[in-house]
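Visitor: The following block contains the structure, expressed as structure tokens.
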Amino acid sequence: MTETRPGSPCWAQLSARDLPAAQRFYGELFGWTAETDPDPQYGGYTTFSHDGAPAAAVAPLMNPQQPVMWLLSFAADDVDHTCAAAKAAGAQVWMEPMEVGDLGRWALLSDPTGAPFAVWQARRFDGFGVVDEPNAFGWTDLSTRDKDAALAFYTGVFGWRVWPDDTYPMVGLGERMFGGVMAMDPSVPPEVPSHWSPFFLVADVDAAAATAGGLGAEVLHGPVDVEMENGPRIAVIRDPQGATFGVFAPRADG
């Protein structure tokens, strides 16, 4: 079981054009097993499990214009209240709060800088069943065109704490960090929106990046040691269908 404190990341869902191909890629990369919900109302929604615990999911695109991407969900005690607060703080609500069977209540938004995210009010399904272990979620990065506006939004709506840094402020709740915020490089094409990217902990970043490359992915950055005290080793990867995510591991001594 994992912490589902309101405001913390509680689920990562991939939207993909080719579900079987996504299942094969992430199954081979992380050793995940895939189980597709047989209920037709969920449209092929597939949960990835790691050692029997929910680790992430993949779902079909809602429409042909939707980008292939990873979507982060943040936990809420009351999705309707959180949506109202987010809207008042400048968010766009794309899908109003709705029931997802008996699993929970969900809404889809984008922050004032354009980054999509979801809010999840758990009922029968809490979200991550495993985090901070190899081949499971452990961190998330926000790439945004307005770092200050993003930090103001998330601290106001979710009560996040910020560990200040001019280049890469980190965010979390209480003493637990779970993400960082960075300014998008001006060279990034304007059609690329601000976005959240999940990072999955792995035993060996170089091996994971090599495996991903061999499976048809593109390694966009790294593997490289992050130049900060106790910084991890990371790689940023674009999967064969175009979704971006990261892998990381504590840096080896020396």
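Ligands are numbered from 1 in the order shown, chains are lettered A, B, ... in the order of the structure tokens, and residues start at 1 in each chain.
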Give the helix (DSSP H, G or I) residues of region 21-241 of chain A, as assigned by DSSP on the backbone, as an mmCIF file with all heavy atoms, in the first residue's frame.
Guide:
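part20.cif, freshly written:
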data_model
loop_
_atom_site.group_PDB
_atom_site.id
_atom_site.type_symbol
_atom_site.label_atom_id
_atom_site.label_comp_id
_atom_site.auth_asym_id
_atom_site.auth_seq_id
_atom_site.Cartn_x
_atom_site.Cartn_y
_atom_site.Cartn_z
ATOM 1 N N ALA A 21 0.844 -2.657 -28.536
ATOM 2 C CA ALA A 21 2.253 -2.269 -28.676
ATOM 3 C C ALA A 21 2.760 -1.614 -27.388
ATOM 4 O O ALA A 21 3.895 -1.857 -26.962
ATOM 5 C CB ALA A 21 2.427 -1.316 -29.856
ATOM 6 N N ALA A 22 1.930 -0.784 -26.752
ATOM 7 C CA ALA A 22 2.323 -0.156 -25.488
ATOM 8 C C ALA A 22 2.508 -1.210 -24.400
ATOM 9 O O ALA A 22 3.445 -1.131 -23.594
ATOM 10 C CB ALA A 22 1.283 0.868 -25.066
ATOM 11 N N GLN A 23 1.619 -2.183 -24.373
ATOM 12 C CA GLN A 23 1.740 -3.254 -23.385
ATOM 13 C C GLN A 23 3.043 -4.022 -23.559
ATOM 14 O O GLN A 23 3.735 -4.337 -22.583
ATOM 15 C CB GLN A 23 0.543 -4.193 -23.487
ATOM 16 C CG GLN A 23 -0.780 -3.569 -23.081
ATOM 17 C CD GLN A 23 -1.961 -4.464 -23.418
ATOM 18 O OE1 GLN A 23 -1.838 -5.678 -23.535
ATOM 19 N NE2 GLN A 23 -3.123 -3.859 -23.588
ATOM 20 N N ARG A 24 3.402 -4.293 -24.818
ATOM 21 C CA ARG A 24 4.649 -5.022 -25.072
ATOM 22 C C ARG A 24 5.861 -4.185 -24.667
ATOM 23 O O ARG A 24 6.789 -4.696 -24.010
ATOM 24 C CB ARG A 24 4.751 -5.400 -26.560
ATOM 25 C CG ARG A 24 3.797 -6.497 -26.987
ATOM 26 C CD ARG A 24 4.149 -7.018 -28.376
ATOM 27 N NE ARG A 24 4.044 -5.984 -29.406
ATOM 28 C CZ ARG A 24 2.926 -5.712 -30.072
ATOM 29 N NH1 ARG A 24 1.808 -6.370 -29.817
ATOM 30 N NH2 ARG A 24 2.916 -4.775 -31.022
ATOM 31 N N PHE A 25 5.859 -2.899 -25.049
ATOM 32 C CA PHE A 25 7.022 -2.047 -24.762
ATOM 33 C C PHE A 25 7.258 -1.934 -23.253
ATOM 34 O O PHE A 25 8.370 -2.199 -22.772
ATOM 35 C CB PHE A 25 6.821 -0.660 -25.368
ATOM 36 C CG PHE A 25 7.903 0.324 -25.004
ATOM 37 C CD1 PHE A 25 9.128 0.300 -25.664
ATOM 38 C CD2 PHE A 25 7.704 1.254 -24.001
ATOM 39 C CE1 PHE A 25 10.136 1.189 -25.323
ATOM 40 C CE2 PHE A 25 8.708 2.153 -23.649
ATOM 41 C CZ PHE A 25 9.937 2.122 -24.311
ATOM 42 N N TYR A 26 6.234 -1.530 -22.512
ATOM 43 C CA TYR A 26 6.432 -1.316 -21.076
ATOM 44 C C TYR A 26 6.554 -2.633 -20.318
ATOM 45 O O TYR A 26 7.225 -2.701 -19.282
ATOM 46 C CB TYR A 26 5.308 -0.441 -20.521
ATOM 47 C CG TYR A 26 5.439 0.997 -20.989
ATOM 48 C CD1 TYR A 26 4.722 1.469 -22.090
ATOM 49 C CD2 TYR A 26 6.321 1.865 -20.363
ATOM 50 C CE1 TYR A 26 4.868 2.777 -22.537
ATOM 51 C CE2 TYR A 26 6.481 3.173 -20.810
ATOM 52 C CZ TYR A 26 5.755 3.622 -21.898
ATOM 53 O OH TYR A 26 5.917 4.904 -22.339
ATOM 54 N N GLY A 27 5.944 -3.688 -20.855
ATOM 55 C CA GLY A 27 6.118 -4.996 -20.240
ATOM 56 C C GLY A 27 7.564 -5.462 -20.327
ATOM 57 O O GLY A 27 8.129 -5.969 -19.353
ATOM 58 N N GLU A 28 8.184 -5.262 -21.498
ATOM 59 C CA GLU A 28 9.576 -5.669 -21.660
ATOM 60 C C GLU A 28 10.533 -4.738 -20.935
ATOM 61 O O GLU A 28 11.568 -5.166 -20.419
ATOM 62 C CB GLU A 28 9.926 -5.746 -23.143
ATOM 63 C CG GLU A 28 9.211 -6.877 -23.870
ATOM 64 C CD GLU A 28 9.749 -7.089 -25.276
ATOM 65 O OE1 GLU A 28 10.979 -7.053 -25.449
ATOM 66 O OE2 GLU A 28 8.922 -7.284 -26.191
ATOM 67 N N LEU A 29 10.201 -3.447 -20.884
ATOM 68 C CA LEU A 29 11.098 -2.487 -20.235
ATOM 69 C C LEU A 29 11.074 -2.620 -18.720
ATOM 70 O O LEU A 29 12.130 -2.640 -18.071
ATOM 71 C CB LEU A 29 10.706 -1.063 -20.649
ATOM 72 C CG LEU A 29 11.557 0.059 -20.052
ATOM 73 C CD1 LEU A 29 13.023 -0.071 -20.469
ATOM 74 C CD2 LEU A 29 11.014 1.419 -20.474
ATOM 75 N N PHE A 30 9.890 -2.704 -18.130
ATOM 76 C CA PHE A 30 9.762 -2.681 -16.674
ATOM 77 C C PHE A 30 9.325 -4.017 -16.068
ATOM 78 O O PHE A 30 9.225 -4.122 -14.841
ATOM 79 C CB PHE A 30 8.756 -1.600 -16.251
ATOM 80 C CG PHE A 30 9.201 -0.191 -16.542
ATOM 81 C CD1 PHE A 30 8.348 0.705 -17.174
ATOM 82 C CD2 PHE A 30 10.463 0.252 -16.170
ATOM 83 C CE1 PHE A 30 8.741 2.018 -17.436
ATOM 84 C CE2 PHE A 30 10.870 1.565 -16.421
ATOM 85 C CZ PHE A 30 10.009 2.444 -17.062
ATOM 86 N N PRO A 40 -16.966 -3.182 -21.222
ATOM 87 C CA PRO A 40 -16.851 -2.327 -22.414
ATOM 88 C C PRO A 40 -16.951 -0.841 -22.125
ATOM 89 O O PRO A 40 -16.466 -0.030 -22.923
ATOM 90 C CB PRO A 40 -18.013 -2.805 -23.297
ATOM 91 C CG PRO A 40 -18.942 -3.524 -22.387
ATOM 92 C CD PRO A 40 -18.101 -4.116 -21.300
ATOM 93 N N GLN A 41 -17.557 -0.450 -20.995
ATOM 94 C CA GLN A 41 -17.665 0.981 -20.701
ATOM 95 C C GLN A 41 -16.301 1.616 -20.463
ATOM 96 O O GLN A 41 -16.164 2.840 -20.550
ATOM 97 C CB GLN A 41 -18.574 1.219 -19.492
ATOM 98 C CG GLN A 41 -17.988 0.798 -18.153
ATOM 99 C CD GLN A 41 -18.834 1.219 -16.958
ATOM 100 O OE1 GLN A 41 -19.233 2.374 -16.843
ATOM 101 N NE2 GLN A 41 -19.125 0.256 -16.086
ATOM 102 N N TYR A 42 -15.254 0.800 -20.190
ATOM 103 C CA TYR A 42 -13.925 1.338 -19.946
ATOM 104 C C TYR A 42 -13.049 1.307 -21.191
ATOM 105 O O TYR A 42 -11.888 1.705 -21.144
ATOM 106 C CB TYR A 42 -13.252 0.598 -18.789
ATOM 107 C CG TYR A 42 -14.003 0.774 -17.481
ATOM 108 C CD1 TYR A 42 -14.448 -0.321 -16.757
ATOM 109 C CD2 TYR A 42 -14.302 2.043 -16.989
ATOM 110 C CE1 TYR A 42 -15.154 -0.169 -15.574
ATOM 111 C CE2 TYR A 42 -15.011 2.212 -15.817
ATOM 112 C CZ TYR A 42 -15.440 1.109 -15.109
ATOM 113 O OH TYR A 42 -16.146 1.267 -13.947
ATOM 114 N N VAL A 79 -13.135 15.809 -5.283
ATOM 115 C CA VAL A 79 -12.777 16.253 -6.633
ATOM 116 C C VAL A 79 -13.529 17.523 -7.012
ATOM 117 O O VAL A 79 -12.966 18.439 -7.624
ATOM 118 C CB VAL A 79 -13.048 15.133 -7.659
ATOM 119 C CG1 VAL A 79 -13.119 15.699 -9.062
ATOM 120 C CG2 VAL A 79 -11.962 14.081 -7.585
ATOM 121 N N ASP A 80 -14.797 17.601 -6.660
ATOM 122 C CA ASP A 80 -15.589 18.770 -7.041
ATOM 123 C C ASP A 80 -15.034 20.043 -6.403
ATOM 124 O O ASP A 80 -14.915 21.082 -7.075
ATOM 125 C CB ASP A 80 -17.048 18.556 -6.643
ATOM 126 C CG ASP A 80 -17.675 17.381 -7.372
ATOM 127 O OD1 ASP A 80 -17.372 16.233 -7.003
ATOM 128 O OD2 ASP A 80 -18.446 17.601 -8.317
ATOM 129 N N HIS A 81 -14.682 19.954 -5.136
ATOM 130 C CA HIS A 81 -14.113 21.110 -4.444
ATOM 131 C C HIS A 81 -12.764 21.493 -5.063
ATOM 132 O O HIS A 81 -12.485 22.679 -5.298
ATOM 133 C CB HIS A 81 -13.951 20.805 -2.961
ATOM 134 C CG HIS A 81 -13.264 21.884 -2.189
ATOM 135 N ND1 HIS A 81 -13.907 23.033 -1.778
ATOM 136 C CD2 HIS A 81 -11.972 22.016 -1.783
ATOM 137 C CE1 HIS A 81 -13.047 23.816 -1.134
ATOM 138 N NE2 HIS A 81 -11.871 23.221 -1.129
ATOM 139 N N THR A 82 -11.921 20.478 -5.348
ATOM 140 C CA THR A 82 -10.609 20.751 -5.930
ATOM 141 C C THR A 82 -10.747 21.372 -7.308
ATOM 142 O O THR A 82 -10.011 22.303 -7.668
ATOM 143 C CB THR A 82 -9.779 19.463 -6.001
ATOM 144 O OG1 THR A 82 -9.621 18.938 -4.677
ATOM 145 C CG2 THR A 82 -8.409 19.718 -6.609
ATOM 146 N N CYS A 83 -11.702 20.864 -8.107
ATOM 147 C CA CYS A 83 -11.930 21.433 -9.442
ATOM 148 C C CYS A 83 -12.353 22.889 -9.356
ATOM 149 O O CYS A 83 -11.897 23.726 -10.139
ATOM 150 C CB CYS A 83 -13.004 20.635 -10.172
ATOM 151 S SG CYS A 83 -12.331 19.453 -11.333
ATOM 152 N N ALA A 84 -13.240 23.188 -8.424
ATOM 153 C CA ALA A 84 -13.698 24.568 -8.266
ATOM 154 C C ALA A 84 -12.535 25.473 -7.871
ATOM 155 O O ALA A 84 -12.395 26.589 -8.394
ATOM 156 C CB ALA A 84 -14.813 24.623 -7.231
ATOM 157 N N ALA A 85 -11.694 24.994 -6.949
ATOM 158 C CA ALA A 85 -10.540 25.792 -6.525
ATOM 159 C C ALA A 85 -9.562 25.984 -7.673
ATOM 160 O O ALA A 85 -9.002 27.072 -7.867
ATOM 161 C CB ALA A 85 -9.851 25.111 -5.342
ATOM 162 N N ALA A 86 -9.349 24.916 -8.462
ATOM 163 C CA ALA A 86 -8.436 25.008 -9.598
ATOM 164 C C ALA A 86 -8.957 25.982 -10.640
ATOM 165 O O ALA A 86 -8.203 26.791 -11.197
ATOM 166 C CB ALA A 86 -8.220 23.624 -10.208
ATOM 167 N N LYS A 87 -10.244 25.915 -10.921
ATOM 168 C CA LYS A 87 -10.844 26.820 -11.904
ATOM 169 C C LYS A 87 -10.711 28.267 -11.443
ATOM 170 O O LYS A 87 -10.378 29.162 -12.233
ATOM 171 C CB LYS A 87 -12.315 26.459 -12.118
ATOM 172 C CG LYS A 87 -12.967 27.175 -13.283
ATOM 173 C CD LYS A 87 -14.449 26.827 -13.407
ATOM 174 C CE LYS A 87 -14.682 25.382 -13.742
ATOM 175 N NZ LYS A 87 -16.118 25.081 -13.991
ATOM 176 N N ALA A 88 -10.948 28.504 -10.161
ATOM 177 C CA ALA A 88 -10.820 29.854 -9.622
ATOM 178 C C ALA A 88 -9.389 30.366 -9.698
ATOM 179 O O ALA A 88 -9.157 31.576 -9.769
ATOM 180 C CB ALA A 88 -11.313 29.882 -8.176
ATOM 181 N N LYS A 147 7.229 29.130 -14.935
ATOM 182 C CA LYS A 147 7.524 28.400 -13.706
ATOM 183 C C LYS A 147 6.872 29.049 -12.483
ATOM 184 O O LYS A 147 6.286 28.356 -11.641
ATOM 185 C CB LYS A 147 9.048 28.334 -13.538
ATOM 186 C CG LYS A 147 9.528 27.404 -12.456
ATOM 187 C CD LYS A 147 11.042 27.191 -12.583
ATOM 188 C CE LYS A 147 11.830 28.474 -12.544
ATOM 189 N NZ LYS A 147 13.284 28.245 -12.578
ATOM 190 N N ASP A 148 6.938 30.367 -12.392
ATOM 191 C CA ASP A 148 6.371 31.053 -11.227
ATOM 192 C C ASP A 148 4.861 30.891 -11.159
ATOM 193 O O ASP A 148 4.295 30.658 -10.086
ATOM 194 C CB ASP A 148 6.735 32.545 -11.252
ATOM 195 C CG ASP A 148 8.221 32.786 -11.027
ATOM 196 O OD1 ASP A 148 8.899 31.875 -10.491
ATOM 197 O OD2 ASP A 148 8.713 33.861 -11.399
ATOM 198 N N ALA A 149 4.196 31.009 -12.309
ATOM 199 C CA ALA A 149 2.744 30.849 -12.330
ATOM 200 C C ALA A 149 2.350 29.427 -11.963
ATOM 201 O O ALA A 149 1.362 29.201 -11.244
ATOM 202 C CB ALA A 149 2.198 31.205 -13.711
ATOM 203 N N ALA A 150 3.118 28.444 -12.439
ATOM 204 C CA ALA A 150 2.819 27.048 -12.112
ATOM 205 C C ALA A 150 2.969 26.796 -10.621
ATOM 206 O O ALA A 150 2.100 26.163 -9.992
ATOM 207 C CB ALA A 150 3.736 26.124 -12.908
ATOM 208 N N LEU A 151 4.055 27.275 -10.037
ATOM 209 C CA LEU A 151 4.261 27.061 -8.604
ATOM 210 C C LEU A 151 3.167 27.731 -7.787
ATOM 211 O O LEU A 151 2.662 27.156 -6.815
ATOM 212 C CB LEU A 151 5.641 27.590 -8.195
ATOM 213 C CG LEU A 151 6.838 26.774 -8.678
ATOM 214 C CD1 LEU A 151 8.131 27.539 -8.429
ATOM 215 C CD2 LEU A 151 6.875 25.414 -7.988
ATOM 216 N N ALA A 152 2.776 28.936 -8.174
ATOM 217 C CA ALA A 152 1.709 29.634 -7.452
ATOM 218 C C ALA A 152 0.404 28.849 -7.533
ATOM 219 O O ALA A 152 -0.342 28.730 -6.543
ATOM 220 C CB ALA A 152 1.521 31.036 -8.022
ATOM 221 N N PHE A 153 0.123 28.284 -8.693
ATOM 222 C CA PHE A 153 -1.114 27.519 -8.874
ATOM 223 C C PHE A 153 -1.140 26.280 -7.990
ATOM 224 O O PHE A 153 -2.098 26.059 -7.231
ATOM 225 C CB PHE A 153 -1.266 27.124 -10.338
ATOM 226 C CG PHE A 153 -2.401 26.176 -10.595
ATOM 227 C CD1 PHE A 153 -3.714 26.633 -10.638
ATOM 228 C CD2 PHE A 153 -2.167 24.817 -10.769
ATOM 229 C CE1 PHE A 153 -4.765 25.753 -10.849
ATOM 230 C CE2 PHE A 153 -3.208 23.938 -10.990
ATOM 231 C CZ PHE A 153 -4.516 24.403 -11.026
ATOM 232 N N TYR A 154 -0.117 25.455 -8.074
ATOM 233 C CA TYR A 154 -0.150 24.176 -7.354
ATOM 234 C C TYR A 154 -0.023 24.356 -5.845
ATOM 235 O O TYR A 154 -0.624 23.597 -5.080
ATOM 236 C CB TYR A 154 0.935 23.240 -7.890
ATOM 237 C CG TYR A 154 0.633 22.737 -9.281
ATOM 238 C CD1 TYR A 154 1.287 23.268 -10.404
ATOM 239 C CD2 TYR A 154 -0.324 21.748 -9.498
ATOM 240 C CE1 TYR A 154 1.006 22.811 -11.686
ATOM 241 C CE2 TYR A 154 -0.614 21.292 -10.777
ATOM 242 C CZ TYR A 154 0.043 21.831 -11.868
ATOM 243 O OH TYR A 154 -0.250 21.385 -13.130
ATOM 244 N N THR A 155 0.738 25.353 -5.407
ATOM 245 C CA THR A 155 0.797 25.588 -3.962
ATOM 246 C C THR A 155 -0.551 26.092 -3.450
ATOM 247 O O THR A 155 -0.991 25.722 -2.363
ATOM 248 C CB THR A 155 1.914 26.585 -3.603
ATOM 249 O OG1 THR A 155 1.720 27.800 -4.349
ATOM 250 C CG2 THR A 155 3.280 26.013 -3.917
ATOM 251 N N GLY A 156 -1.229 26.904 -4.261
ATOM 252 C CA GLY A 156 -2.522 27.421 -3.836
ATOM 253 C C GLY A 156 -3.619 26.376 -3.832
ATOM 254 O O GLY A 156 -4.443 26.328 -2.915
ATOM 255 N N VAL A 157 -3.629 25.507 -4.855
ATOM 256 C CA VAL A 157 -4.716 24.523 -4.974
ATOM 257 C C VAL A 157 -4.456 23.287 -4.136
ATOM 258 O O VAL A 157 -5.371 22.767 -3.475
ATOM 259 C CB VAL A 157 -4.913 24.131 -6.452
ATOM 260 C CG1 VAL A 157 -5.923 22.996 -6.593
ATOM 261 C CG2 VAL A 157 -5.380 25.347 -7.256
ATOM 262 N N PHE A 158 -3.220 22.791 -4.137
ATOM 263 C CA PHE A 158 -2.924 21.531 -3.456
ATOM 264 C C PHE A 158 -2.139 21.696 -2.160
ATOM 265 O O PHE A 158 -1.900 20.711 -1.464
ATOM 266 C CB PHE A 158 -2.147 20.603 -4.392
ATOM 267 C CG PHE A 158 -2.955 20.089 -5.553
ATOM 268 C CD1 PHE A 158 -2.620 20.429 -6.853
ATOM 269 C CD2 PHE A 158 -4.045 19.260 -5.344
ATOM 270 C CE1 PHE A 158 -3.351 19.941 -7.931
ATOM 271 C CE2 PHE A 158 -4.789 18.773 -6.412
ATOM 272 C CZ PHE A 158 -4.442 19.110 -7.708
ATOM 273 N N VAL A 205 20.051 2.784 -14.788
ATOM 274 C CA VAL A 205 19.557 3.731 -15.785
ATOM 275 C C VAL A 205 20.129 3.437 -17.165
ATOM 276 O O VAL A 205 19.408 3.458 -18.173
ATOM 277 C CB VAL A 205 19.887 5.175 -15.365
ATOM 278 C CG1 VAL A 205 19.622 6.162 -16.500
ATOM 279 C CG2 VAL A 205 19.064 5.563 -14.135
ATOM 280 N N ASP A 206 21.422 3.148 -17.238
ATOM 281 C CA ASP A 206 22.051 2.903 -18.540
ATOM 282 C C ASP A 206 21.452 1.662 -19.197
ATOM 283 O O ASP A 206 21.173 1.661 -20.409
ATOM 284 C CB ASP A 206 23.562 2.761 -18.369
ATOM 285 C CG ASP A 206 24.205 4.044 -17.872
ATOM 286 O OD1 ASP A 206 23.991 4.400 -16.698
ATOM 287 O OD2 ASP A 206 24.892 4.705 -18.653
ATOM 288 N N ALA A 207 21.237 0.622 -18.416
ATOM 289 C CA ALA A 207 20.655 -0.601 -18.960
ATOM 290 C C ALA A 207 19.217 -0.362 -19.408
ATOM 291 O O ALA A 207 18.801 -0.843 -20.466
ATOM 292 C CB ALA A 207 20.711 -1.716 -17.920
ATOM 293 N N ALA A 208 18.460 0.391 -18.614
ATOM 294 C CA ALA A 208 17.065 0.675 -18.974
ATOM 295 C C ALA A 208 16.991 1.497 -20.251
ATOM 296 O O ALA A 208 16.164 1.241 -21.129
ATOM 297 C CB ALA A 208 16.361 1.402 -17.836
ATOM 298 N N ALA A 209 17.873 2.503 -20.379
ATOM 299 C CA ALA A 209 17.883 3.326 -21.585
ATOM 300 C C ALA A 209 18.264 2.497 -22.808
ATOM 301 O O ALA A 209 17.683 2.649 -23.891
ATOM 302 C CB ALA A 209 18.844 4.499 -21.419
ATOM 303 N N ALA A 210 19.243 1.614 -22.643
ATOM 304 C CA ALA A 210 19.648 0.756 -23.755
ATOM 305 C C ALA A 210 18.517 -0.189 -24.154
ATOM 306 O O ALA A 210 18.265 -0.411 -25.343
ATOM 307 C CB ALA A 210 20.898 -0.037 -23.380
ATOM 308 N N THR A 211 17.819 -0.737 -23.163
ATOM 309 C CA THR A 211 16.690 -1.624 -23.448
ATOM 310 C C THR A 211 15.599 -0.868 -24.183
ATOM 311 O O THR A 211 15.041 -1.354 -25.176
ATOM 312 C CB THR A 211 16.136 -2.227 -22.146
ATOM 313 O OG1 THR A 211 17.151 -3.035 -21.537
ATOM 314 C CG2 THR A 211 14.911 -3.086 -22.423
ATOM 315 N N ALA A 212 15.279 0.334 -23.698
ATOM 316 C CA ALA A 212 14.245 1.140 -24.348
ATOM 317 C C ALA A 212 14.621 1.434 -25.796
ATOM 318 O O ALA A 212 13.786 1.335 -26.706
ATOM 319 C CB ALA A 212 14.028 2.442 -23.575
ATOM 320 N N GLY A 213 15.879 1.795 -26.027
ATOM 321 C CA GLY A 213 16.333 2.060 -27.387
ATOM 322 C C GLY A 213 16.201 0.839 -28.276
ATOM 323 O O GLY A 213 15.809 0.933 -29.439
ATOM 324 N N GLY A 214 16.523 -0.321 -27.735
ATOM 325 C CA GLY A 214 16.406 -1.551 -28.492
ATOM 326 C C GLY A 214 14.967 -1.925 -28.808
ATOM 327 O O GLY A 214 14.715 -2.689 -29.746
#
Visitor: Leaving out Leu14 (chain A) and any residue of its chain fewer than 4 positions from it, which residues lie within 7 Å of it when counting only C-alpha atoms, given as a PyMOL selection string?
Guide: chain A and resi 57-59+69-71
Visitor: Limited to N, CA and C atoms, could you put the picked residues into a file as a PDB file, in the first residue's frame?
Guide:
ATOM      1  N   ALA A  57      -1.124   2.648 -15.938  1.00  0.00           N
ATOM      2  CA  ALA A  57      -2.176   2.164 -16.828  1.00  0.00           C
ATOM      3  C   ALA A  57      -1.961   2.701 -18.221  1.00  0.00           C
ATOM      4  N   VAL A  58      -2.637   2.065 -19.197  1.00  0.00           N
ATOM      5  CA  VAL A  58      -2.672   2.564 -20.566  1.00  0.00           C
ATOM      6  C   VAL A  58      -4.112   2.508 -21.038  1.00  0.00           C
ATOM      7  N   ALA A  59      -4.523   3.552 -21.749  1.00  0.00           N
ATOM      8  CA  ALA A  59      -5.890   3.650 -22.251  1.00  0.00           C
ATOM      9  C   ALA A  59      -5.846   4.141 -23.692  1.00  0.00           C
ATOM     10  N   MET A  69       0.521  10.496 -24.704  1.00  0.00           N
ATOM     11  CA  MET A  69       1.194  11.138 -23.574  1.00  0.00           C
ATOM     12  C   MET A  69       0.884  10.411 -22.269  1.00  0.00           C
ATOM     13  N   TRP A  70       1.729  10.657 -21.298  1.00  0.00           N
ATOM     14  CA  TRP A  70       1.472  10.231 -19.930  1.00  0.00           C
ATOM     15  C   TRP A  70       0.693  11.327 -19.209  1.00  0.00           C
ATOM     16  N   LEU A  71      -0.302  10.931 -18.424  1.00  0.00           N
ATOM     17  CA  LEU A  71      -1.122  11.860 -17.651  1.00  0.00           C
ATOM     18  C   LEU A  71      -0.993  11.514 -16.177  1.00  0.00           C
TER      19      LEU A  71
END
Visitor: Run DSSP on the backbone of this structure and report the residues of region 23-245 of chain A it assigns to strand (DSSP E or B), as JSON, numbers by chain.
Guide: {"A": [33, 34, 35, 36, 46, 47, 48, 49, 50, 53, 54, 55, 56, 57, 58, 59, 60, 69, 70, 71, 72, 73, 74, 75, 92, 93, 94, 95, 96, 97, 98, 99, 100, 104, 105, 106, 107, 108, 109, 110, 116, 117, 118, 119, 120, 121, 122, 131, 136, 137, 138, 139, 140, 141, 142, 143, 144, 161, 162, 163, 170, 171, 172, 173, 176, 177, 178, 179, 180, 181, 182, 183, 195, 196, 197, 198, 199, 200, 201, 218, 219, 220, 221, 222, 223, 224, 225, 233, 234, 235, 236, 237, 238, 244, 245]}
Visitor: Work out how far apart CA of Thr4 (chain A) and CA of Val130 (chain A) are and give it in Å to one decimal.
Guide: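 A separation of 11.3 Å between them.
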Visitor: When you look at Pro116 (chain A) with a cut-off of 9 Å (counting only C-alpha atoms), what residues show up, excluding the ones that are within fewer than 5 positions of it in the same chain? I need them as a list of chain:residue names.
Guide: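 That gives A:Leu71, A:Leu72, A:Gln92, A:Leu108, A:Leu109, A:Ser110, A:Asp111, A:Pro193, A:Ser194, A:His195, A:Trp196.
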Visitor: Pick out the residues sitting within 12 Å of region 125-127 of chain A, and hand them over as a ChimeraX atom specification; count only C-alpha atoms, and ignore anything fewer than 6 positions along from it in its own chain.
Guide: /A:1-6,8-13,47-49,53-57,72-77,100-106,119,137
Visitor: To one decimal place in Å, what is the distance between CA of Met170 (chain A) and CA of Asn135 (chain A)?
Guide: 22.1 Å
Visitor: Considering only C-alpha atoms, state which residue in the set A:Pro64, A:Gly52, A:Trp32, A:Pro134 is at the smallest distance from Arg17 (chain A).
Guide: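 Nearest candidate to Arg17 (chain A) out of A:Pro64, A:Gly52, A:Trp32, A:Pro134: A:Pro64.
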Visitor: Asn63 (chain A): which residues within 12 Å, counting only C-alpha atoms, same-chain residues fewer than 3 positions away excluded, as a list in words?
Guide: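 The contact residues come out as Ser15, Ala16, Arg17, Ala59, Pro60, Gln66, Pro67 and Val68 of chain A.
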Visitor: To one decimal in Å, tell me the separation between CA of Asp39 (chain A) and CA of Trp120 (chain A).
Guide: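 Rounded to one decimal, the two atoms are 20.2 Å apart.
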